file run-v1.txt (compact mmCIF, C-alpha atoms)
# COMPACT_ATOMS: atom_id res chain seq x y z
CA MET A 132 -29.84 -165.97 231.33
CA GLU A 133 -30.74 -162.91 229.23
CA ARG A 134 -34.02 -164.51 228.16
CA GLN A 135 -34.80 -165.40 231.78
CA TYR A 136 -34.24 -161.80 232.87
CA ARG A 137 -36.28 -160.34 229.98
CA ASN A 138 -39.23 -162.71 230.21
CA HIS A 139 -39.56 -163.04 233.98
CA LEU A 140 -37.38 -160.86 236.20
CA SER A 141 -37.59 -157.56 234.29
CA GLY A 142 -41.37 -157.49 234.01
CA TYR A 143 -40.96 -156.67 230.29
CA LEU A 144 -43.85 -158.91 229.19
CA HIS A 145 -46.20 -157.05 231.54
CA TRP A 146 -44.99 -153.57 230.58
CA ASP A 147 -47.97 -151.30 229.91
CA GLN A 148 -46.31 -149.80 226.80
CA LEU A 149 -45.18 -153.08 225.24
CA VAL A 150 -47.92 -153.16 222.58
CA HIS A 151 -46.88 -149.86 220.97
CA ALA A 152 -43.23 -149.66 222.11
CA GLU A 153 -41.87 -150.06 218.57
CA ASP A 154 -43.80 -147.00 217.41
CA TRP A 155 -43.97 -144.71 220.40
CA LEU A 156 -43.31 -144.30 224.11
CA LEU A 157 -44.77 -141.71 226.48
CA PHE A 158 -43.59 -140.79 229.97
CA GLU A 159 -46.09 -138.17 231.07
CA LYS A 160 -44.69 -137.78 234.58
CA ASN A 161 -41.45 -136.42 233.07
CA ILE A 162 -43.08 -133.38 231.45
CA GLY A 163 -41.97 -130.00 232.79
CA ALA A 164 -42.25 -126.29 232.14
CA TYR A 165 -39.26 -126.17 229.78
CA ILE A 166 -39.01 -128.81 227.08
CA CYS A 167 -37.39 -129.33 223.69
CA ILE A 168 -38.35 -131.26 220.58
CA ASP A 169 -36.08 -132.56 217.83
CA GLU A 170 -35.71 -135.32 215.29
CA VAL A 171 -32.96 -137.91 215.75
CA ALA A 172 -31.72 -140.80 213.63
CA LEU A 173 -31.55 -144.01 215.63
CA SER A 174 -31.27 -147.60 214.36
CA ARG A 175 -30.63 -147.97 210.63
CA GLY A 176 -31.09 -144.25 210.07
CA GLU A 177 -34.76 -144.36 211.06
CA LEU A 178 -35.99 -140.92 212.13
CA TYR A 179 -37.70 -140.43 215.47
CA THR A 180 -39.23 -137.37 217.11
CA VAL A 181 -37.91 -136.94 220.64
CA LEU A 182 -39.43 -134.74 223.35
CA THR A 183 -37.29 -134.09 226.44
CA ASN A 184 -37.49 -132.21 229.73
CA LYS A 185 -34.67 -129.64 229.77
CA GLU A 186 -34.75 -129.29 233.54
CA ALA A 187 -33.59 -132.92 233.91
CA HIS A 188 -30.33 -131.98 232.11
CA GLY A 189 -30.10 -135.29 230.25
CA GLY A 190 -30.38 -137.40 233.40
CA LYS A 191 -33.15 -139.51 234.88
CA GLY A 192 -36.59 -138.21 233.95
CA SER A 193 -35.41 -136.45 230.76
CA MET A 194 -37.42 -138.45 228.24
CA ILE A 195 -41.03 -137.37 227.76
CA ALA A 196 -41.76 -139.02 224.41
CA ILE A 197 -40.07 -140.84 221.57
CA ILE A 198 -42.13 -141.37 218.44
CA LYS A 199 -41.23 -143.16 215.22
CA GLY A 200 -41.34 -140.70 212.32
CA THR A 201 -41.61 -136.93 212.02
CA ASP A 202 -44.98 -136.57 210.29
CA VAL A 203 -47.17 -133.95 211.95
CA HIS A 204 -50.29 -136.14 212.13
CA THR A 205 -48.39 -139.16 213.48
CA VAL A 206 -46.55 -137.21 216.15
CA THR A 207 -49.46 -135.05 217.30
CA SER A 208 -51.78 -138.05 217.56
CA VAL A 209 -49.38 -139.50 220.13
CA LEU A 210 -48.53 -136.30 222.02
CA LEU A 211 -52.20 -135.40 222.38
CA LYS A 212 -52.51 -138.52 224.54
CA LEU A 213 -50.72 -136.46 227.21
CA SER A 214 -53.26 -134.87 229.54
CA ARG A 215 -54.42 -131.38 228.63
CA ARG A 216 -53.39 -130.13 232.06
CA ARG A 217 -49.83 -131.38 231.58
CA ARG A 218 -49.56 -129.97 228.07
CA TYR A 219 -50.72 -126.55 229.20
CA GLN A 220 -48.11 -126.54 231.98
CA VAL A 221 -45.37 -126.22 229.36
CA ARG A 222 -44.14 -122.62 229.30
CA GLU A 223 -41.38 -122.91 226.69
CA ILE A 224 -40.48 -125.33 223.91
CA THR A 225 -37.20 -125.17 222.01
CA LEU A 226 -37.11 -126.45 218.43
CA ASP A 227 -35.43 -126.07 215.05
CA MET A 228 -36.86 -124.24 212.03
CA ALA A 229 -38.49 -127.28 210.42
CA PRO A 230 -42.15 -126.50 209.61
CA ASN A 231 -43.34 -129.85 210.97
CA MET A 232 -41.74 -129.20 214.37
CA GLU A 233 -43.35 -125.76 214.55
CA GLN A 234 -46.78 -127.26 213.77
CA ILE A 235 -46.35 -130.03 216.34
CA ALA A 236 -45.36 -127.52 219.02
CA ARG A 237 -48.25 -125.18 218.19
CA ILE A 238 -50.88 -127.95 218.19
CA CYS A 239 -49.72 -129.90 221.24
CA PHE A 240 -48.39 -127.12 223.46
CA PRO A 241 -50.45 -124.02 222.60
CA ALA A 242 -49.59 -122.17 225.81
CA ALA A 243 -45.82 -122.58 225.36
CA LYS A 244 -43.52 -119.92 223.98
CA ARG A 245 -41.60 -121.30 220.98
CA VAL A 246 -37.84 -120.71 220.85
CA THR A 247 -35.81 -121.40 217.71
CA ASP A 248 -32.56 -123.14 218.61
CA ARG A 249 -29.58 -120.81 218.07
CA PHE A 250 -27.33 -123.55 216.68
CA HIS A 251 -29.73 -124.30 213.82
CA VAL A 252 -29.78 -120.60 212.90
CA GLN A 253 -25.99 -120.36 212.96
CA LYS A 254 -25.73 -123.58 210.97
CA LEU A 255 -27.63 -121.92 208.11
CA ALA A 256 -24.99 -119.18 207.94
CA TYR A 257 -22.11 -121.66 208.07
CA GLU A 258 -23.68 -123.69 205.28
CA ALA A 259 -24.08 -120.53 203.17
CA VAL A 260 -20.31 -119.94 203.38
CA GLN A 261 -19.61 -123.58 202.52
CA GLU A 262 -21.90 -123.29 199.51
CA MET A 263 -19.78 -120.39 198.26
CA ARG A 264 -16.61 -122.44 198.81
CA VAL A 265 -18.00 -125.50 197.01
CA LYS A 266 -19.12 -123.39 194.04
CA ALA A 267 -15.63 -121.88 193.76
CA ARG A 268 -14.05 -125.35 193.98
CA TRP A 269 -16.18 -126.70 191.13
CA GLU A 270 -15.10 -123.71 189.04
CA ALA A 271 -11.46 -124.44 189.92
CA LEU A 272 -11.89 -128.10 188.97
CA ASP A 273 -13.42 -127.12 185.62
CA GLU A 274 -10.59 -124.67 184.94
CA GLU A 275 -7.95 -127.26 185.79
CA SER A 276 -9.64 -129.85 183.55
CA THR A 277 -9.66 -127.33 180.68
CA GLN A 278 -5.97 -126.52 181.18
CA LEU A 279 -5.10 -130.21 181.41
CA ALA A 280 -6.94 -131.02 178.18
CA TYR A 281 -5.26 -128.10 176.41
CA ALA A 282 -1.80 -129.18 177.57
CA LYS A 283 -2.48 -132.74 176.46
CA ALA A 284 -3.62 -131.54 173.04
CA CYS A 285 -0.36 -129.61 172.73
CA GLY A 286 1.70 -132.60 173.80
CA LYS A 287 2.80 -130.93 177.03
CA MET A 288 2.77 -131.83 180.71
CA TYR A 289 0.43 -129.81 182.87
CA HIS A 290 1.52 -128.64 186.31
CA ALA A 291 -1.11 -126.85 188.37
CA PRO A 292 0.16 -123.58 189.89
CA VAL A 293 0.70 -123.68 193.65
CA PHE A 294 0.35 -120.97 196.28
CA ALA A 295 2.92 -120.05 198.92
CA ASN A 296 1.68 -122.76 201.31
CA GLY A 297 2.01 -125.49 198.66
CA ASP A 298 -1.73 -125.78 197.87
CA THR A 299 -3.05 -125.83 194.35
CA ARG A 300 -6.23 -123.82 193.83
CA LYS A 301 -8.52 -126.84 194.15
CA GLN A 302 -6.59 -128.02 197.23
CA LEU A 303 -6.86 -124.58 198.79
CA LEU A 304 -10.63 -124.65 198.43
CA ALA A 305 -10.96 -128.26 199.61
CA ARG A 306 -8.71 -127.80 202.65
CA SER A 307 -10.44 -124.61 203.78
CA ILE A 308 -13.60 -126.45 204.78
CA TYR A 309 -12.87 -126.61 208.52
CA LEU A 310 -11.35 -123.18 209.06
CA LEU A 311 -14.53 -121.57 207.71
CA TYR A 312 -16.49 -123.14 210.59
CA LYS A 313 -14.08 -121.85 213.24
CA LYS A 314 -13.57 -118.48 214.87
CA GLU A 315 -10.49 -116.67 213.60
CA SER A 316 -8.98 -116.82 217.11
CA LEU A 317 -9.11 -120.64 217.01
CA TRP A 318 -7.25 -121.09 213.72
CA THR A 319 -3.97 -122.98 213.76
CA GLN A 320 -0.95 -121.34 212.15
CA SER A 321 -1.37 -123.34 208.93
CA GLN A 322 -5.09 -122.49 208.83
CA ARG A 323 -4.27 -118.81 209.32
CA ILE A 324 -1.88 -118.89 206.35
CA ARG A 325 -4.41 -120.78 204.24
CA ALA A 326 -7.17 -118.32 205.18
CA GLU A 327 -5.03 -115.34 204.15
CA ILE A 328 -4.49 -116.88 200.72
CA LEU A 329 -8.14 -117.95 200.39
CA PHE A 330 -9.48 -114.53 201.32
CA LYS A 331 -7.08 -112.77 198.97
CA GLU A 332 -8.11 -115.00 196.06
CA TYR A 333 -11.81 -115.08 196.97
CA PRO A 334 -12.91 -111.83 198.65
CA ASP A 335 -16.58 -112.88 198.49
CA ILE A 336 -15.83 -115.93 200.63
CA LYS A 337 -14.07 -113.62 203.07
CA LYS A 338 -17.15 -111.39 203.28
CA GLY A 339 -19.38 -114.44 203.70
CA TYR A 340 -17.17 -115.82 206.47
CA TYR A 341 -17.31 -112.61 208.48
CA LEU A 342 -21.07 -112.35 207.94
CA SER A 343 -21.49 -115.80 209.49
CA MET A 344 -19.19 -114.92 212.39
CA ARG A 345 -21.08 -111.69 213.09
CA LEU A 346 -24.33 -113.64 213.35
CA GLY A 347 -22.66 -115.83 215.97
CA LEU A 348 -21.51 -112.73 217.87
CA ILE A 349 -25.09 -111.50 218.13
CA TYR A 350 -25.99 -114.70 219.96
CA HIS A 351 -22.86 -114.57 222.09
CA GLN A 352 -22.97 -110.90 223.09
CA CYS A 353 -26.63 -109.88 223.26
CA LYS A 354 -28.41 -110.39 226.57
CA PHE A 355 -31.67 -108.56 225.82
CA LYS A 356 -34.31 -108.98 223.10
CA ASP A 357 -34.43 -105.34 222.00
CA ILE A 358 -30.66 -105.16 221.51
CA ALA A 359 -30.63 -108.49 219.66
CA LEU A 360 -33.45 -107.33 217.39
CA THR A 361 -31.50 -104.17 216.48
CA ARG A 362 -28.31 -106.13 215.81
CA LEU A 363 -30.18 -108.69 213.69
CA ALA A 364 -31.73 -105.88 211.64
CA ARG A 365 -28.27 -104.44 210.96
CA TRP A 366 -26.97 -107.89 210.03
CA TYR A 367 -29.93 -108.34 207.69
CA ASP A 368 -29.03 -105.03 205.98
CA GLU A 369 -25.43 -106.21 205.54
CA VAL A 370 -26.67 -109.39 203.90
CA ASP A 371 -28.95 -107.41 201.62
CA LYS A 372 -26.09 -105.13 200.55
CA SER A 373 -23.75 -108.07 199.94
CA GLY A 374 -25.99 -109.45 197.21
CA PHE A 375 -24.99 -113.03 198.09
CA LEU A 376 -27.80 -115.39 197.07
CA THR A 377 -26.76 -118.00 199.63
CA PHE A 378 -27.05 -115.52 202.48
CA GLY A 379 -30.26 -114.11 201.05
CA ARG A 380 -31.88 -117.48 201.73
CA VAL A 381 -30.52 -117.44 205.28
CA ALA A 382 -31.90 -113.94 205.86
CA ARG A 383 -35.34 -114.95 204.56
CA SER A 384 -35.41 -117.96 206.90
CA ILE A 385 -34.49 -115.72 209.84
CA GLN A 386 -37.14 -113.20 208.83
CA THR A 387 -39.77 -115.95 208.68
CA HIS A 388 -38.92 -117.21 212.18
CA TYR A 389 -37.70 -113.98 213.77
CA LEU A 390 -40.27 -113.95 216.61
CA ASP A 391 -39.24 -117.44 217.74
CA ILE A 392 -35.57 -116.57 217.19
CA ILE A 393 -35.80 -113.44 219.34
CA ASN A 394 -37.42 -115.47 222.14
CA PHE A 395 -34.03 -117.10 222.65
CA PHE A 396 -32.71 -113.95 224.29
CA GLU A 397 -35.14 -114.21 227.21
CA ARG A 398 -33.64 -117.35 228.74
CA ARG A 399 -30.94 -118.19 226.15
CA ALA A 400 -32.51 -121.63 225.76
CA THR A 401 -30.99 -124.11 223.28
CA ASN A 402 -31.94 -127.55 221.97
CA ALA A 403 -28.77 -129.17 223.35
CA ALA A 404 -30.73 -131.54 225.59
CA ALA A 405 -32.62 -132.99 222.61
CA GLU A 406 -29.51 -133.24 220.45

call {"tool": "encode", "arguments": {"input": "run-v1.txt", "output": "structure tokens"}}
result
Amino acid sequence: MERQYRNHLSGYLHWDQLVHAEDWLLFEKNIGAYICIDEVALSRGELYTVLTNKEAHGGKGSMIAIIKGTDVHTVTSVLLKLSRRRRYQVREITLDMAPNMEQIARICFPAAKRVTDRFHVQKLAYEAVQEMRVKARWEALDEESTQLAYAKACGKMYHAPVFANGDTRKQLLARSIYLLYKKESLWTQSQRIRAEILFKEYPDIKKGYYLSMRLGLIYHQCKFKDIALTRLARWYDEVDKSGFLTFGRVARSIQTHYLDIINFFERRATNAAAE
């Protein structure tokens, strides 16, 4: 029955995109003024570049293109098959900070304003905090291993010290992973207690956490480009004064893409449709 539908009733064998369907699909009629581009992992972890029409809101007519791979040459060679008139109709394209996505957008949609997706920017800050946490945890594991070896050499039992909430130091650092992604107002009671201990023991992680949250507030509170630019400059100064290497990398990435990042505050466009 399935074979009968596929081979005869569905018209699949006469589909005009059948020859190249495994590598790419184009739906030119779905292109609009506001689009987004992203890479997604589909079957067996294979990466595809997906172009969607944001005005379709994920419904019928959303998909403009899906292309196997993320290589600039491969993707642009397909997207340039779209008519020049259609490509120049695109006014805005939302994307992440990957260099290949920026090149694809610039080559294929030269008239479109590029907007860096806010969630990818915030993700960089969250990952910087997690990097600080992981580094501290490795140090705690090394210290515990040293203490354990010393106790064993002395013929004694080793008992790791515990904090008021019952966590050992390595447990404290491992179990703090999720609370560092969340706003303080969304912490559970146990997370609040754990955060108080964590921040007391690791003041740098506390500073890093609030730096990441302040970046999120800029996106949440600022409605105009000039205000956002001022707030980002102040945030950049805070990062510089902190001396944190992990956040220094975040700040440099933001500085590199700041024009596309600031464009977000015109329409507050995100890449949610592509995700």

call {"tool": "residues_around", "arguments": {"input": "run-v1.txt", "residues": "stretch 219-233 of chain A", "least_positions_apart": "6", "cutoff": "9 Å", "atoms": "all atoms listed in the file", "output": "NGL selection string"}}
result
:A and (162-170 or 180 or 201-203 or 239-252 or 384 or 388 or 395 or 400-402 or 405)

call {"tool": "atom_distance", "arguments": {"input": "run-v1.txt", "atom1": "atom CA of A:Val209", "atom2": "atom CA of A:Leu156"}}
result
8.7 Å

call {"tool": "atom_distance", "arguments": {"input": "run-v1.txt", "atom1": "atom CA of A:Glu332", "atom2": "atom CA of A:Gly379"}}
result
22.7 Å

call {"tool": "closest_residue", "arguments": {"input": "run-v1.txt", "among": "A:Thr319, A:Ala382, A:Ile197, A:Gln302", "to": "A:Leu173", "atoms": "all atoms listed in the file"}}
result
A:Ile197

call {"tool": "closest_residue", "arguments": {"input": "run-v1.txt", "among": "A:Leu363, A:Leu348, A:Ala271, A:Ile235", "to": "A:Ile385", "atoms": "all atoms listed in the file"}}
result
A:Leu363
